[in-house]
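Okay, structure first, notes after.
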Amino acid sequence: MPVNETLATYSDWLYRSALGVYLFAILFYAVEQAFARAPRKAAVNAEALVGAGAPVPGILTDEPKSELSRAERIGRMGAALTVLGALLHLGSLVMRGLSAGRAPWGNMYEYMSLLCLAAVVTWIVLMAKFPIRRLGAFVLTPILILLFLGGTVLYAESAPVQPALRSYWLVIHVSVISISSGVLLIPGVTSILYLLKDSKSDRFPKLPSADVLDRMSYRTTVLAFPLFTAGIICGAIWAEAAWGRFWGWDPKETVAFVSWVVYAAYLHARATAGWRGRGAAWINVAGFALNVFNLFFINLVTTGLHSYAGL
Amino acid sequence: MIAFLRNTWRGLTSMRTALTLLFLLALAAMPGALLPQLSLNAAKVDEYIAQHGWWGDLLLKLGFFEVYATPWFAAIYLLLFVSLIGCLLPRTWEYFKQMRAKPVLTPRNLARMPHHAQLVLDVTPEEAVTKAKKALRGWRMDAGDDTVSAERGYLRETGNLVFHFALLGLLVSFALGKMFSYEGQIIVQANGGQFCNGGVFNYDSFRPGLRVDGTDLTPFCVEIGKFSAEYLDNGQPVGYQADIRYQSGDDLASNTWRPYNLQVNHPLRTDGDRVYLLGHGYTPTFTVTFPNGEKRTQGIQWLPSDQLTLASEGATKFDPPGITDSEQRRKNQIAVTGLLAPTPLLHGNILNSKYPALNNPMVAVDVYRGDLGVDDGRGQSIFSIDMKMVEQGRLQKVARKNLALGEEIALDDGTKVRFDSVNDWVSLQVSHDPTQEYVLLFAVLIILGLGVSLTVKRRRVWVRATPRDDGRTLVEVGGLARTDQAGYGEEFTRLARAVLNEEKS
């Protein structure tokens with residue numbers, strides 16, 4: 001099958017522009033984080049009212065309208081740039097797929113690109129739900145690093161894939177795993193922030209409350225965990241058709257199993273006295289670290305059936 | 001004694017222990033990804049042990065090269081298993097009790113609830129309760145004259161139990177599968193080669209489950225027809241396929257063959273067994289014309305030494321015909337060894353391959369004559385000759401030449417070796433696992449249970465209407481999410497708003 005070189009080139013251009021736009025978004029978020037005031041106590045109280053007994057429910061949603069400060073305006077621009085970057089990023093993936101005539105997640109570069117897109121989209125959704133826009137710099141920085149590594153070290157030319165990958169399970173298994181890993185990047189970062197915030201000294205007054213960070217981590221993990229489970233199971237179904245067994249302790253399978261167990265431990269820890277809070281956050285960070293390890297070490301250093309890096 | 005047992009049981013089934021066991025399981029599984037494993041690549045294990053001296057030997061003794069078969073790994077997951085059962089039994093009992101129970105009574109002080117709202121309304125307590133009941137439609141409710149208690153989200157626990165029981169089921173089916181499964185590999189020549197699943201000896205390699213002795217394999221036969229492969233210009237394979245015929249079950253008795261197109265990712269599934277196309281290579285055919293004029297033709301698979309160009313190496317071995325004296329026979333055995341290039345690339349006289357498909361293939365062969373050492377009872381590789389025989393001078397290299405199709409070498413004694421043709425071979429894997437359908441079923445239940453238990457929230461709402469001296473009524477709403485509070489706030493606000501208003505319903 002011939003590769004459409006023009007589309008492949010467009011895809012690369014879009015990828016680079018997305019990276020550039022993300023970089024600017026990070027700068028804008030960083031400006032907001034640096035110059036905006038710490039969250040006002042009033043805002044915290046408004047939240048507490050829900051619990052402590054607001055006399056009239058109507059009050060709960062009436063937010064005091066205030067002038068946007070300059071820092072906040074810059075933060076909003078950062079958010080807008082993030083959306084723009086995500087669109088460019090999506091465009092680059094679509095062009096990749098069109099140029100190679102297959103799902104655009106057939107090698108490590110493309111996998112990484114999809115993973116990061118999933119993380120960025122998750123972040124955009126979270127920004128709409130929680131007042132955490134200014135944390136954008138913390139979240140986008142690891143994403144940008146991954147994208148940069150993907151575009152340089154792991155880059156692979158647009159090309160068809162080998163026979164074992166020619167299956168509709170490539171579309172399902174790899175996308176589900178990649179997207180769920182991308183979503184899991186977010187709680188990894190917010191859990192680290194939680195651990196910073198939840199120390200005795202109030203060293204990080206500008207971070208949102210530990211409670212907000214914990215809830216964000218939990219809700220994104222809870223969304224991604226069933227997805228991750230489904231991805232592993234799809235992989236098992238494909239492995240049965242391609243390699244003759246549904247589970248064979250291939251290094252990639254093993255580490256996926258281990259990180260599944262770690263995320264399961266996270267969910268249990270959050271319901272166990274003595275493990276809530278810091279314990280759970282540490283486990284979530286460990287899960288994220290395992291995912292990164294699985295992505296780089298297992299693909300690039302060990303040899304297994306999952307060695308499709310295209311390098 | 002009973003107290004000890006009870007405490008052990010309690011300790012084992014507590015959440016804290018389950019967590020510890022989960023960590024241990026994760027930790028214990030990791031060496032399987034970091035160290036080479038016997039089941040995946042035995043050669044690498046040998047290499048690792050050779051490189052690491054006493055450390056490698058120690059790891060070998062402790063089972064680190066077969067992690068998932070070691071007693072310590074089994075101990076962890078069995079303990080986790082017991083812990084899981086111990087946790088599930090009381091929960092299931094509790095679950096059935098709760099399914100029939102009424103929502104709990106309204107607590108005295110609703111203001112202490114995590115979610116709370118109140119308002120003085122111009123309605124009677126009865127009207128307030130009616131309104132609350134209407135707002136809470138779909139909830140499990142227990143209403144009194146001036147109070148309503150409601151609860152919903154029971155599906156969460158259902159999903160949770162389904163998930164955990166499915167996990168148990170999956171582990172049990174997986175373990176049973178390890179008992180009764182087997183898999184084996186064979187190389188079969190294309191264009192007419194056959195394989196029958198009659199016994200272990202038909203396989204080149206065979207890995208039985210713990211309870212499989214190889215005497216009771218499901219009978220079936222496959223015959224490989226035409227094999228074809230498609231490559232990109234750079235030699236990267238795009239697809240393989242083989243037209244095969246097979247017979248199984250009643251077809252064996254009636255000798256009926258059924259056609260099938262075998263491809264990567266599309267195994268043949270027949271009678272509980274699966275046949276996979278794993279790879280392919282080439283079989284050169286040579287004809288040796290002995291000095292007495294007799295001819296012998298042989299083709300045996302050569303092994304690809306370069307996966308990208310399919311340059312292949314091997315040894316095709318001949319016995320001289322018509323010699324009954326074994327002493328004499330062993331002086332005149334012939335082996336044709338060397339390199340097969342499907343698409344030849346010549347640098348002077350050095351042959352290599354530049355492309356995996358057949359385009360005027362060539363071989364670069366060394367012809368050996370003498371004692372191949374095949375009669376001494378030791379097994380030897382079909383892909384090479386025994387180099388000890390060469391070192392001892394009992395097997396001598398008598399010619400070396402590059403041959404195109406149809407070309408031949410003449411040896412000093414008048415023997416001629418001709419390169420006739422090249423055929424394809426395919427490597428097949430046969431797998432048998434009687435429990436994998438159950439594993440799949442439980443896996444699907446796992447996803448369903450997980451999805452339900454993580455999206456549904458168990459939550460409670462209470463409403464109390466208290467008449468006041470001025471004829472108006474104080475209506476209070478309290479809410480509590482039983483598992484996690486995340487996301488309950490919005491729903492509670494909506495409910496509270498529906499309850500706390502004076503519109504007549």
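Identifiers in the structure tokens: chain A, B, ... in order shown; residue index from 1 per chain; ligand index from 1 in order shown.
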Worksheet item: Counting only C-alpha atoms, what is within 9 Å of Gly248 of chain A, bar same-chain residues fewer than 4 positions away, as a list in words?
Response: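 Once the nearby chain positions are removed, what remains is Ala239, Glu253 and Thr254 of chain A; Ser39 and Leu40 of chain B.
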Using N, CA and C atoms, can you write the selected residues to a file as a PDB file, in the first residue's frame?
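What ended up in result-v8.pdb:
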```
ATOM      1  N   ALA A 239      -4.436 -11.176  21.294  1.00  0.00           N
ATOM      2  CA  ALA A 239      -3.298 -12.085  21.449  1.00  0.00           C
ATOM      3  C   ALA A 239      -3.714 -13.519  21.173  1.00  0.00           C
ATOM      4  N   GLU A 253       2.781  -7.349  28.789  1.00  0.00           N
ATOM      5  CA  GLU A 253       1.593  -7.849  29.479  1.00  0.00           C
ATOM      6  C   GLU A 253       1.819  -7.837  30.981  1.00  0.00           C
ATOM      7  N   THR A 254       3.022  -8.261  31.388  1.00  0.00           N
ATOM      8  CA  THR A 254       3.318  -8.330  32.811  1.00  0.00           C
ATOM      9  C   THR A 254       3.247  -6.959  33.459  1.00  0.00           C
TER      10      THR A 254
ATOM     11  N   SER B  39      10.081 -19.722  30.040  1.00  0.00           N
ATOM     12  CA  SER B  39       8.961 -20.071  29.178  1.00  0.00           C
ATOM     13  C   SER B  39       8.969 -19.247  27.897  1.00  0.00           C
ATOM     14  N   LEU B  40       9.623 -18.082  27.906  1.00  0.00           N
ATOM     15  CA  LEU B  40       9.605 -17.221  26.732  1.00  0.00           C
ATOM     16  C   LEU B  40      10.876 -17.371  25.904  1.00  0.00           C
TER      17      LEU B  40
END
```
Fill in: segment 187-204 of chain A surroundings by only C-alpha atoms, 9 Å radius, close-in-sequence under 2 positions cut, as a PyMOL selection string
chain A and resi 135+138-139+142+183-185+206-214+216-221+277-278+280-289
Just-selected residues, C-alpha atoms written as a compact mmCIF listing (two decimals), in the first residue's frame:
```
# COMPACT_ATOMS: atom_id res chain seq x y z
CA LEU A 135 -2.22 24.23 37.08
CA PHE A 138 2.28 21.41 35.62
CA VAL A 139 0.15 19.14 33.46
CA PRO A 142 5.19 16.38 31.10
CA VAL A 183 -6.09 9.90 30.94
CA LEU A 184 -4.10 8.27 33.75
CA LEU A 185 -1.31 10.79 33.22
CA LYS A 206 -1.34 28.90 45.23
CA LEU A 207 -2.25 25.28 44.65
CA PRO A 208 -5.94 24.38 44.91
CA SER A 209 -7.05 22.70 48.12
CA ALA A 210 -5.84 19.16 48.76
CA ASP A 211 -9.45 18.04 48.67
CA VAL A 212 -10.00 19.34 45.13
CA LEU A 213 -6.76 17.67 43.95
CA ASP A 214 -7.74 14.39 45.58
CA MET A 216 -9.79 15.23 40.60
CA SER A 217 -7.32 12.38 40.85
CA TYR A 218 -10.00 9.98 41.97
CA ARG A 219 -12.55 10.92 39.33
CA THR A 220 -10.11 10.69 36.43
CA THR A 221 -8.69 7.41 37.72
CA GLY A 277 -5.01 10.78 51.25
CA ARG A 278 -1.24 10.57 51.10
CA ALA A 280 -3.49 6.67 48.00
CA ALA A 281 -1.75 9.57 46.26
CA TRP A 282 1.59 7.79 46.45
CA ILE A 283 0.03 4.67 44.94
CA ASN A 284 -1.41 6.69 42.08
CA VAL A 285 1.99 8.22 41.40
CA ALA A 286 3.49 4.71 41.43
CA GLY A 287 0.88 3.61 38.88
CA PHE A 288 1.79 6.51 36.63
CA ALA A 289 5.50 5.74 36.98
```
Worksheet item: Could you name the residues that touch Tyr438 of chain B at 12 Å or less, counting only C-alpha atoms, but leaving out those on the same chain fewer than 6 positions away, as a PyMOL selection string?
Response: chain B and resi 166-177+444-445
Fill in: helix (DSSP H, G or I) residues, from DSSP on the backbone, in segment 18-261 of chain A, as a ChimeraX atom specification
/A:18-35,41-52,58-61,70-100,108-129,133-152,163-165,168-197,210-242,251-261
Practice prompt. Compare A:Ile179, A:Leu93, A:Gly85, A:Val3 by their minimum atom-to-atom distance to chain B, counting only C-alpha atoms, and give me the closest one.
Written response: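 Looking at the shortest contact to chain B, the residue is A:Val3.
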Practice prompt. Identify, on the basis of only C-alpha atoms, every residue whose closest approach to Arg497 of chain B does not exceed 10 Å; exclude the query and any residue fewer than 2 positions from it along the same chain; express the result as a PyMOL selection string.
Written response: (chain A and resi 56-58) or (chain B and resi 117-118+135+477+491-495+499-501)
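The shortest atom-to-atom distance to chain B, with only C-alpha atoms taken into account, belongs to A:Ala265 out of A:Ala80, A:Ala265, A:Val94, A:Val125.
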Worksheet item: Quick one: residues within 12 Å of Pro104 of chain A, only C-alpha atoms counted, chain neighbours fewer than 2 positions away excluded, as a ChimeraX atom specification?
Response: /A:8,11,90-102,106-115,156-161,170-172,174-175,178
Keeping N, CA and C atoms for every residue in the selection just given, could you write it to a file as a short mmCIF file (atom, residue, chain, number, x, y, z; two decimals), in the first residue's frame?
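Contents of the output file out04.cif:
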```cif
data_model
loop_
_atom_site.label_atom_id
_atom_site.label_comp_id
_atom_site.auth_asym_id
_atom_site.auth_seq_id
_atom_site.Cartn_x
_atom_site.Cartn_y
_atom_site.Cartn_z
N ALA A 8 1.55 12.94 4.84
CA ALA A 8 2.50 12.63 5.92
C ALA A 8 3.27 13.89 6.31
N SER A 11 1.06 16.16 8.25
CA SER A 11 0.91 15.63 9.59
C SER A 11 2.08 16.07 10.47
N LEU A 90 -4.86 16.82 16.95
CA LEU A 90 -5.82 15.89 16.35
C LEU A 90 -5.64 15.84 14.84
N GLY A 91 -5.47 17.03 14.24
CA GLY A 91 -5.26 17.10 12.79
C GLY A 91 -4.05 16.29 12.37
N SER A 92 -2.97 16.38 13.16
CA SER A 92 -1.75 15.65 12.79
C SER A 92 -1.99 14.15 12.81
N LEU A 93 -2.76 13.68 13.82
CA LEU A 93 -3.06 12.25 13.89
C LEU A 93 -3.91 11.80 12.71
N VAL A 94 -4.92 12.62 12.38
CA VAL A 94 -5.82 12.26 11.29
C VAL A 94 -5.04 12.16 9.98
N MET A 95 -4.16 13.16 9.75
CA MET A 95 -3.35 13.15 8.52
C MET A 95 -2.45 11.93 8.46
N ARG A 96 -1.87 11.58 9.60
CA ARG A 96 -1.03 10.38 9.68
C ARG A 96 -1.83 9.15 9.22
N GLY A 97 -3.03 9.03 9.80
CA GLY A 97 -3.87 7.89 9.47
C GLY A 97 -4.20 7.85 8.00
N LEU A 98 -4.56 9.04 7.45
CA LEU A 98 -4.93 9.09 6.03
C LEU A 98 -3.73 8.76 5.16
N SER A 99 -2.55 9.25 5.54
CA SER A 99 -1.39 9.05 4.68
C SER A 99 -0.98 7.58 4.64
N ALA A 100 -1.10 6.88 5.78
CA ALA A 100 -0.69 5.48 5.80
C ALA A 100 -1.84 4.53 5.49
N GLY A 101 -3.06 5.09 5.45
CA GLY A 101 -4.21 4.25 5.16
C GLY A 101 -4.52 3.24 6.27
N ARG A 102 -4.33 3.63 7.50
CA ARG A 102 -4.61 2.74 8.64
C ARG A 102 -4.82 3.59 9.88
N GLY A 106 0.25 2.89 15.02
CA GLY A 106 0.91 1.64 14.66
C GLY A 106 2.35 1.57 15.10
N ASN A 107 2.93 2.66 15.56
CA ASN A 107 4.27 2.60 16.12
C ASN A 107 4.35 3.51 17.34
N MET A 108 5.50 3.55 17.96
CA MET A 108 5.58 4.21 19.25
C MET A 108 5.36 5.71 19.16
N TYR A 109 5.83 6.31 18.07
CA TYR A 109 5.64 7.75 17.89
C TYR A 109 4.14 8.08 17.86
N GLU A 110 3.41 7.31 17.06
CA GLU A 110 1.98 7.58 16.92
C GLU A 110 1.23 7.26 18.21
N TYR A 111 1.67 6.17 18.88
CA TYR A 111 1.05 5.78 20.14
C TYR A 111 1.19 6.91 21.16
N MET A 112 2.41 7.44 21.23
CA MET A 112 2.70 8.52 22.17
C MET A 112 1.86 9.75 21.85
N SER A 113 1.71 10.02 20.57
CA SER A 113 0.94 11.19 20.15
C SER A 113 -0.52 11.04 20.60
N LEU A 114 -1.10 9.85 20.39
CA LEU A 114 -2.49 9.63 20.79
C LEU A 114 -2.61 9.73 22.31
N LEU A 115 -1.66 9.13 23.01
CA LEU A 115 -1.67 9.16 24.48
C LEU A 115 -1.71 10.61 24.98
N ALA A 156 9.01 7.88 13.68
CA ALA A 156 9.06 6.87 12.63
C ALA A 156 8.29 7.38 11.43
N GLU A 157 8.82 7.12 10.25
CA GLU A 157 8.15 7.55 9.01
C GLU A 157 6.78 6.89 8.90
N SER A 158 5.88 7.57 8.22
CA SER A 158 4.57 6.99 7.97
C SER A 158 4.73 5.76 7.09
N ALA A 159 4.23 4.61 7.54
CA ALA A 159 4.40 3.37 6.78
C ALA A 159 3.35 2.36 7.22
N PRO A 160 3.09 1.37 6.37
CA PRO A 160 2.17 0.31 6.79
C PRO A 160 2.78 -0.51 7.93
N VAL A 161 1.97 -1.32 8.59
CA VAL A 161 2.46 -2.10 9.71
C VAL A 161 2.66 -3.56 9.30
N LEU A 170 -6.10 -3.79 16.24
CA LEU A 170 -5.14 -2.69 16.36
C LEU A 170 -5.91 -1.41 16.67
N VAL A 171 -7.01 -1.23 15.94
CA VAL A 171 -7.82 -0.03 16.13
C VAL A 171 -8.35 0.01 17.56
N ILE A 172 -8.85 -1.14 18.05
CA ILE A 172 -9.53 -1.14 19.34
C ILE A 172 -8.52 -1.19 20.49
N VAL A 174 -5.16 -0.93 20.82
CA VAL A 174 -4.12 0.08 21.01
C VAL A 174 -4.72 1.43 21.35
N SER A 175 -5.85 1.77 20.70
CA SER A 175 -6.42 3.08 21.01
C SER A 175 -6.93 3.11 22.44
N SER A 178 -3.96 3.28 24.78
CA SER A 178 -3.27 4.56 24.67
C SER A 178 -4.10 5.67 25.32
#
```
Discussion item. Ranking A:Gly279, A:Gly235, A:Pro163, A:Pro205 by minimum distance to chain B and counting only C-alpha atoms, which one comes first?
Written reply: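 Closest to chain B, using only C-alpha atoms: A:Pro163.
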Practice prompt. Using atom CA of Gln301 of chain B and atom CA of Asn332 of chain B as the two end points, give the distance in Å to one decimal.
Written response: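 Separation between atom CA of Gln301 of chain B and atom CA of Asn332 of chain B: 22.6 Å.
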Discussion item. If you run DSSP on the backbone here, which positions in segment 27-209 of chain B get strand (DSSP E or B)? Please write them as a PyMOL selection string.
Written reply: chain B and resi 115-121+140-143+147-152+182-189+194-196+205-208
Worksheet item: From the set A:Trp247, A:Ala103, A:Ala118, A:Arg133, which residue has the shortest atom-to-atom contact distance to Ala30 of chain A, counting only C-alpha atoms?
Response: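 Ranking A:Trp247, A:Ala103, A:Ala118, A:Arg133 by distance to Ala30 of chain A, first place goes to A:Arg133.
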Item to complete: Determine the nearest neighbour of chain B from the options A:Ala241, A:Leu295, A:Leu14, A:Ile124, counting only C-alpha atoms.
Response: A:Ala241
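The smallest atom-to-atom distance between Leu154 of chain A and any of A:Asn291, A:Asn299, A:Ser181, A:Thr272, using only C-alpha atoms, is found for A:Asn299.
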